[in-house]
Amino acid sequence: MDNLSQYNEVFFEEAQEHLETMETLLLAYDIDAPDMEELNSVFRAAHSIKGGSDIFGFKALTGLTHVMENMLDSARNNELILTTDLITVLLETTDVLKNILSCYREESEIDWEIIEASKARLGATLQEVTGSGGQVDALLEEDGEDQGFGFFDNDDDEDEEDQGFGFFEEDFDVVKDSTNEEDVGFGFFDENISESNETPSEDENIGYGFFNDGPLVETPAQGNIKSSLPTDQSTTPKILANKTAPSKTSETKSEASSIRVETNKIDKLVNLVGELVITQSMLNLIGSEVHESIADKMQSALIELERNTREIQEAVMSVRMLPISFVFNRFPRLVRDLSTKLEKKINLVIEGGNTEIDKNLVEKISDPLLHLIRNSVDHGIEMPSKRIGVNKDETGIVKLSAAQRGGEIVITITDDGAGLNRERIIEKALEKEISLPEPLSDNAVWQLIFEAGFSTAAEVTDVSGRGVGMDVVRRNIESLGGRIDITSAAGIGTVFTISLPLTLAILDGMTVEASDQVFIIPLVNIVESIQPVAEQIKRIKGKQLLWVREEYWPLIDVGKTLGGNTTATNLETGIVVLVETSKQRFGLVIDSLLGQQQVVIKNLERHYRRVEGIAGATIMGDGSVALILDVDSMTQFIQSNL
């Protein structure tokens, strides 16, 4: 076991993948029109876990997966019909297997009572479905010592003494010479004919059974041979299998084209690329000060370096990008279990699962999505009888989608339920003494559900009602540099829209100066920058507004708001950068534009604390620190200024 322990982590990862495959396929299994190929895939996954766990000595996994394997084998052989109840108990067993796998991985104690309870649950459900105690006992029976460790199927009864140890199948009956008691082949080579009196010479038989000879021609000397070679076409599949062997080889090569890499190695590589970006910025700064005689050559080299650096950065960032399906695939099971518990009929639709997102975002966005989907299932979708009463299909739809828009990933959770109840939300807010925003627009009312402890549920259940979750959702999303918006219509449904940056490591920004301090504005938020003229500057209620593009733009003085400047910047001499978010458009008043630059985001909270309006910091080429503006959170300064 010590020699195998070095491969434990590989087994754990592969077993986890098999369990996820089993769960996904079981959730998609249609009991009315079963797909046998999907059922075979579930069986193979269980079979692989059983075989691997037996080799590594993880007996808790071996025993339970063997019972599942028996059930699945009976189902794929049409001896057992999988019902909704059986699918449910198989999914519950998958959960138990995940817990067992986690215990082995963390080297914690196994709860054998849960394992036995899971087997009993399988047996009880089988008894209800089949009504046959004998069939149940047969399926729940665990096999004894399996010398093949679950990797080989023994379809036929074998002799007590099998010199092949189950590794080779004997397709042909061979009649051996009674005088030949010792078989020097030890079962490793197929003997299509038994030994004759005239044994071929050593020179004549140099193939040693490794090569297939041509068709055998029976001679009189072979009259004592009893051959069982079939004369029909039953051997055709074996011939075809041999001919298609190269495709298996190419498939193996394809699988070997990917490798497993520890995430900390990727993170280190990303950090090094970030430092390379900073170094490249330093060289650009130095290159602008070199002697004129080599200035052109230096600039050409710096441009080449910048292009190569960007290509390296894009390549490295693509390594740590994962399909968002890694997160989305967790929710079909959640919706199925919740709809069963709440006695609702709900269909979960997933779109855009191939959209790629930063690995760190994949890990951190799961919990907010979990709360939002639970909210849609519990509060959004109505009971079937109520839906029928308002001319809706009794089956509600929850759609989870993802798409890339510019430099952002946009995730939407849409339901066709009753929508948010505006009056009920306002009533609850007043009851909890939450101050109401002015003006009391729909969007402002919807944002009240993100207040701590807020819930409109009539009673507390194990699903929701405690007012815990939605405030955490917004806080977690904002900590990722994202934002969440709500659109709702009574009787039609609700849409939650989450916007997240593609990556948390590097962004393209505009470097600006305000009150002798350098700030970075993300390019994804910038509409344009202008130097306003007197005719464009308007004053309403004592506050300055900018009339551009046939609309009024509220203004935020960056130097006064964040730079500590006591006097406002003169608009006629300053510059206004027009920015937009999902909520609002406004202008940022600055002193000057310094240029466009790719910067590495450093977490400010880790070394200092969270600052309103600031998303993070970066190191400039001259070694100074510049603050990266959080354009979305800066909208709060507009409310305080107007």
# chains A, B, ... in the order shown; residues from 1 in each chain; ligands from 1
$ residues_around --residues "Ile110 (chain A)" --least-positions-apart "4" --cutoff "9 Å" --atoms "only C-alpha atoms" --output "ChimeraX atom specification"
/A:60,99-100,103-104,114-115
$ write_last_selection --atoms "N, CA and C atoms" --output "short mmCIF file (atom, residue, chain, number, x, y, z; two decimals), in the first residue's frame"
data_model
loop_
_atom_site.label_atom_id
_atom_site.label_comp_id
_atom_site.auth_asym_id
_atom_site.auth_seq_id
_atom_site.Cartn_x
_atom_site.Cartn_y
_atom_site.Cartn_z
N ALA A 60 -14.56 0.92 1.99
CA ALA A 60 -15.87 1.55 2.13
C ALA A 60 -16.43 1.93 0.76
N ASN A 99 -18.94 11.70 0.17
CA ASN A 99 -18.51 11.88 1.56
C ASN A 99 -17.42 10.89 1.94
N ILE A 100 -17.59 9.63 1.49
CA ILE A 100 -16.57 8.62 1.78
C ILE A 100 -15.25 9.00 1.13
N CYS A 103 -13.59 11.62 3.07
CA CYS A 103 -12.98 11.08 4.30
C CYS A 103 -11.64 10.43 4.02
N TYR A 104 -11.56 9.65 2.96
CA TYR A 104 -10.28 9.02 2.60
C TYR A 104 -9.25 10.08 2.21
N ILE A 114 -23.48 5.09 8.21
CA ILE A 114 -24.08 5.74 7.05
C ILE A 114 -24.02 4.84 5.83
N ILE A 115 -22.92 4.12 5.69
CA ILE A 115 -22.76 3.21 4.55
C ILE A 115 -23.80 2.10 4.61
#
$ select_by_dssp --residues "region 369-454 of chain A" --states "strand (DSSP E)" --output "PyMOL selection string"
chain A and resi 395-405+408-415
$ residues_around --residues "Ile521 (chain A)" --least-positions-apart "2" --cutoff "6 Å" --atoms "only C-alpha atoms" --output "list in words"
Gly509, Met510 and Leu629 of chain A
$ residues_around --residues "region 263-279 of chain A" --least-positions-apart "5" --cutoff "9 Å" --atoms "only C-alpha atoms" --output "PyMOL selection string"
chain A and resi 284+306+309-310+312-313+316-317+319-320+505-506+598-601+618-621+623
$ write_last_selection --atoms "N, CA and C atoms" --output "short mmCIF file (atom, residue, chain, number, x, y, z; two decimals), in the first residue's frame"
data_model
loop_
_atom_site.label_atom_id
_atom_site.label_comp_id
_atom_site.auth_asym_id
_atom_site.auth_seq_id
_atom_site.Cartn_x
_atom_site.Cartn_y
_atom_site.Cartn_z
N ASN A 284 9.51 50.80 -20.56
CA ASN A 284 8.91 51.85 -21.39
C ASN A 284 9.23 53.23 -20.84
N GLU A 306 6.60 44.55 -25.74
CA GLU A 306 5.21 44.72 -25.30
C GLU A 306 4.29 43.71 -25.97
N THR A 309 5.03 40.28 -24.49
CA THR A 309 4.53 40.21 -23.12
C THR A 309 3.03 39.99 -23.11
N ARG A 310 2.33 40.69 -24.00
CA ARG A 310 0.87 40.52 -24.05
C ARG A 310 0.50 39.12 -24.51
N ILE A 312 2.29 36.39 -24.07
CA ILE A 312 2.57 35.49 -22.95
C ILE A 312 1.46 35.59 -21.91
N GLN A 313 1.06 36.83 -21.63
CA GLN A 313 0.01 37.05 -20.63
C GLN A 313 -1.29 36.39 -21.05
N VAL A 316 -0.92 32.55 -20.73
CA VAL A 316 -0.94 32.09 -19.34
C VAL A 316 -2.34 32.23 -18.75
N MET A 317 -3.01 33.34 -19.06
CA MET A 317 -4.35 33.54 -18.52
C MET A 317 -5.32 32.50 -19.08
N VAL A 319 -4.66 29.48 -19.60
CA VAL A 319 -4.43 28.24 -18.87
C VAL A 319 -5.31 28.18 -17.63
N ARG A 320 -5.51 29.33 -17.00
CA ARG A 320 -6.28 29.32 -15.77
C ARG A 320 -7.76 29.66 -15.99
N ALA A 505 -6.76 39.19 -12.29
CA ALA A 505 -5.31 39.39 -12.22
C ALA A 505 -4.82 40.63 -12.96
N ILE A 506 -5.25 40.82 -14.20
CA ILE A 506 -4.70 41.89 -15.05
C ILE A 506 -5.86 42.57 -15.77
N GLN A 598 -1.65 48.45 -19.42
CA GLN A 598 -2.09 47.19 -18.82
C GLN A 598 -1.48 47.08 -17.43
N VAL A 599 -2.31 46.85 -16.44
CA VAL A 599 -1.83 46.86 -15.06
C VAL A 599 -2.19 45.56 -14.37
N VAL A 600 -1.41 45.25 -13.35
CA VAL A 600 -1.62 44.06 -12.53
C VAL A 600 -2.38 44.48 -11.27
N ILE A 601 -3.49 43.82 -10.99
CA ILE A 601 -4.33 44.18 -9.85
C ILE A 601 -3.77 43.56 -8.58
N THR A 618 -2.12 49.04 -8.03
CA THR A 618 -1.13 48.46 -8.94
C THR A 618 0.18 49.20 -8.78
N ILE A 619 1.25 48.57 -9.21
CA ILE A 619 2.58 49.18 -9.15
C ILE A 619 2.93 49.71 -10.53
N MET A 620 3.27 50.99 -10.59
CA MET A 620 3.60 51.63 -11.85
C MET A 620 5.05 51.36 -12.23
N GLY A 621 5.41 51.78 -13.44
CA GLY A 621 6.76 51.54 -13.93
C GLY A 621 7.84 52.22 -13.12
N GLY A 623 7.76 52.52 -9.94
CA GLY A 623 7.74 51.97 -8.58
C GLY A 623 6.66 52.56 -7.69
#
$ atom_distance --atom1 "CA of Ser281 (chain A)" --atom2 "CA of Pro522 (chain A)"
17.1 Å
$ residues_around --residues "Ala117 (chain A)" --least-positions-apart "5" --cutoff "12 Å" --atoms "only C-alpha atoms" --output "VMD selection string"
chain A and resid 64 89 92 to 93 96 111 to 112 122 to 124
$ write_last_selection --atoms "N, CA, C and O atoms" --output "mmCIF file, in the first residue's frame"
data_model
loop_
_atom_site.group_PDB
_atom_site.id
_atom_site.type_symbol
_atom_site.label_atom_id
_atom_site.label_comp_id
_atom_site.auth_asym_id
_atom_site.auth_seq_id
_atom_site.Cartn_x
_atom_site.Cartn_y
_atom_site.Cartn_z
ATOM 1 N N LEU A 64 -19.892 -0.244 -1.367
ATOM 2 C CA LEU A 64 -21.089 0.485 -1.772
ATOM 3 C C LEU A 64 -21.195 0.598 -3.295
ATOM 4 O O LEU A 64 -22.279 0.463 -3.865
ATOM 5 N N VAL A 89 -32.619 7.360 -5.132
ATOM 6 C CA VAL A 89 -31.781 6.662 -4.162
ATOM 7 C C VAL A 89 -30.362 6.475 -4.709
ATOM 8 O O VAL A 89 -29.380 6.479 -3.944
ATOM 9 N N GLU A 92 -28.698 9.724 -4.026
ATOM 10 C CA GLU A 92 -28.351 9.815 -2.603
ATOM 11 C C GLU A 92 -27.122 8.967 -2.295
ATOM 12 O O GLU A 92 -26.268 9.360 -1.499
ATOM 13 N N THR A 93 -27.033 7.804 -2.937
ATOM 14 C CA THR A 93 -25.858 6.951 -2.750
ATOM 15 C C THR A 93 -24.609 7.625 -3.302
ATOM 16 O O THR A 93 -23.518 7.504 -2.727
ATOM 17 N N VAL A 96 -23.325 9.878 -0.721
ATOM 18 C CA VAL A 96 -22.599 9.132 0.321
ATOM 19 C C VAL A 96 -21.198 8.779 -0.168
ATOM 20 O O VAL A 96 -20.222 8.885 0.573
ATOM 21 N N ASP A 111 -17.656 6.772 8.584
ATOM 22 C CA ASP A 111 -18.887 6.464 9.307
ATOM 23 C C ASP A 111 -19.561 5.270 8.636
ATOM 24 O O ASP A 111 -20.296 5.406 7.665
ATOM 25 N N TRP A 112 -19.290 4.080 9.172
ATOM 26 C CA TRP A 112 -19.802 2.862 8.552
ATOM 27 C C TRP A 112 -21.313 2.735 8.700
ATOM 28 O O TRP A 112 -21.964 2.046 7.909
ATOM 29 N N LEU A 122 -31.066 1.441 -0.364
ATOM 30 C CA LEU A 122 -31.102 0.837 -1.689
ATOM 31 C C LEU A 122 -31.989 -0.402 -1.694
ATOM 32 O O LEU A 122 -32.815 -0.598 -2.585
ATOM 33 N N GLY A 123 -31.824 -1.235 -0.662
ATOM 34 C CA GLY A 123 -32.611 -2.466 -0.578
ATOM 35 C C GLY A 123 -34.091 -2.201 -0.420
ATOM 36 O O GLY A 123 -34.928 -2.851 -1.058
ATOM 37 N N ALA A 124 -34.428 -1.239 0.438
ATOM 38 C CA ALA A 124 -35.842 -0.928 0.671
ATOM 39 C C ALA A 124 -36.511 -0.406 -0.592
ATOM 40 O O ALA A 124 -37.643 -0.787 -0.918
#
$ residues_around --residues "region 435-447 of chain A" --least-positions-apart "3" --cutoff "8 Å" --atoms "only C-alpha atoms" --output "list in words"
Leu420, Arg422, Ile425, Ile426, Ala429, Leu430, Phe450, Glu451, Ile486 and Thr487 of chain A
$ closest_residue --among "A:Arg76, A:Arg475, A:Lys98, A:Lys59" --to "His18 (chain A)" --atoms "only C-alpha atoms"
A:Lys98
$ closest_residue --among "A:Val472, A:Leu523, A:Val327, A:Ile530" --to "Glu580 (chain A)" --atoms "only C-alpha atoms"
A:Leu523
$ atom_distance --atom1 "CA of Met282 (chain A)" --atom2 "CA of Ser529 (chain A)"
25.9 Å
$ closest_atom_pairs --of "region 504-591 of chain A" --to "region 388-406 of chain A" --cutoff "12 Å" --atoms "only C-alpha atoms" --output "JSON lines"
{"residue": "A:Asp508", "atom": "CA", "partner": "A:Gly406", "partner_atom": "CA", "distance": 11.9}
{"residue": "A:Leu523", "atom": "CA", "partner": "A:Gly406", "partner_atom": "CA", "distance": 10.3}
{"residue": "A:Val524", "atom": "CA", "partner": "A:Gly406", "partner_atom": "CA", "distance": 7.2}
{"residue": "A:Asn525", "atom": "CA", "partner": "A:Gly406", "partner_atom": "CA", "distance": 10.1}
$ residues_around --residues "Arg610 (chain A)" --least-positions-apart "5" --cutoff "12 Å" --atoms "only C-alpha atoms" --output "mmCIF file with all heavy atoms, in the first residue's frame"
data_model
loop_
_atom_site.group_PDB
_atom_site.id
_atom_site.type_symbol
_atom_site.label_atom_id
_atom_site.label_comp_id
_atom_site.auth_asym_id
_atom_site.auth_seq_id
_atom_site.Cartn_x
_atom_site.Cartn_y
_atom_site.Cartn_z
ATOM 1 N N GLU A 478 -19.623 41.731 -5.171
ATOM 2 C CA GLU A 478 -18.880 42.993 -5.189
ATOM 3 C C GLU A 478 -17.423 42.787 -4.809
ATOM 4 O O GLU A 478 -16.545 43.495 -5.304
ATOM 5 C CB GLU A 478 -19.546 43.995 -4.244
ATOM 6 C CG GLU A 478 -20.887 44.514 -4.765
ATOM 7 C CD GLU A 478 -21.542 45.492 -3.813
ATOM 8 O OE1 GLU A 478 -21.058 45.603 -2.654
ATOM 9 O OE2 GLU A 478 -22.534 46.139 -4.203
ATOM 10 N N SER A 479 -17.149 41.802 -3.953
ATOM 11 C CA SER A 479 -15.752 41.519 -3.588
ATOM 12 C C SER A 479 -14.966 40.973 -4.769
ATOM 13 O O SER A 479 -13.734 41.026 -4.786
ATOM 14 C CB SER A 479 -15.704 40.518 -2.422
ATOM 15 O OG SER A 479 -16.122 39.227 -2.835
ATOM 16 N N ASN A 603 -4.538 43.202 -4.469
ATOM 17 C CA ASN A 603 -5.635 43.315 -3.515
ATOM 18 C C ASN A 603 -5.292 44.320 -2.426
ATOM 19 O O ASN A 603 -4.312 44.159 -1.702
ATOM 20 C CB ASN A 603 -5.936 41.941 -2.898
ATOM 21 C CG ASN A 603 -7.251 41.921 -2.151
ATOM 22 O OD1 ASN A 603 -7.657 42.912 -1.559
ATOM 23 N ND2 ASN A 603 -7.914 40.779 -2.189
ATOM 24 N N LEU A 604 -6.120 45.357 -2.298
ATOM 25 C CA LEU A 604 -5.876 46.391 -1.293
ATOM 26 C C LEU A 604 -6.350 45.948 0.086
ATOM 27 O O LEU A 604 -5.752 46.298 1.102
ATOM 28 C CB LEU A 604 -6.583 47.689 -1.700
ATOM 29 C CG LEU A 604 -6.136 48.985 -1.008
ATOM 30 C CD1 LEU A 604 -4.677 49.273 -1.311
ATOM 31 C CD2 LEU A 604 -7.004 50.150 -1.457
ATOM 32 N N GLU A 605 -7.432 45.156 0.121
ATOM 33 C CA GLU A 605 -7.989 44.744 1.407
ATOM 34 C C GLU A 605 -7.029 43.850 2.173
ATOM 35 O O GLU A 605 -7.009 43.866 3.404
ATOM 36 C CB GLU A 605 -9.316 44.019 1.185
ATOM 37 C CG GLU A 605 -10.399 44.894 0.575
ATOM 38 C CD GLU A 605 -11.681 44.112 0.342
ATOM 39 O OE1 GLU A 605 -12.113 43.416 1.278
ATOM 40 O OE2 GLU A 605 -12.230 44.195 -0.759
ATOM 41 N N ALA A 615 -11.091 49.618 -6.376
ATOM 42 C CA ALA A 615 -11.132 48.176 -6.628
ATOM 43 C C ALA A 615 -9.838 47.484 -6.239
ATOM 44 O O ALA A 615 -9.827 46.282 -5.970
ATOM 45 C CB ALA A 615 -11.425 47.914 -8.103
ATOM 46 N N GLY A 616 -8.739 48.225 -6.203
ATOM 47 C CA GLY A 616 -7.445 47.639 -5.883
ATOM 48 C C GLY A 616 -6.342 48.628 -6.179
ATOM 49 O O GLY A 616 -6.591 49.832 -6.364
ATOM 50 N N ALA A 617 -5.125 48.130 -6.216
ATOM 51 C CA ALA A 617 -3.970 48.988 -6.487
ATOM 52 C C ALA A 617 -3.052 48.282 -7.473
ATOM 53 O O ALA A 617 -3.204 47.083 -7.746
ATOM 54 C CB ALA A 617 -3.235 49.307 -5.193
ATOM 55 N N ASP A 630 -13.049 51.689 -8.787
ATOM 56 C CA ASP A 630 -14.189 50.785 -8.909
ATOM 57 C C ASP A 630 -15.370 51.629 -9.394
ATOM 58 O O ASP A 630 -16.088 52.242 -8.597
ATOM 59 C CB ASP A 630 -14.497 50.142 -7.556
ATOM 60 C CG ASP A 630 -15.621 49.116 -7.641
ATOM 61 O OD1 ASP A 630 -16.201 48.969 -8.732
ATOM 62 O OD2 ASP A 630 -15.920 48.476 -6.620
ATOM 63 N N SER A 633 -19.012 51.062 -7.867
ATOM 64 C CA SER A 633 -19.286 51.524 -6.504
ATOM 65 C C SER A 633 -19.199 53.042 -6.376
ATOM 66 O O SER A 633 -19.661 53.606 -5.383
ATOM 67 C CB SER A 633 -18.306 50.866 -5.518
ATOM 68 O OG SER A 633 -16.986 51.322 -5.719
#
$ atom_distance --atom1 "CA of Pro332 (chain A)" --atom2 "CA of Glu20 (chain A)"
11.7 Å
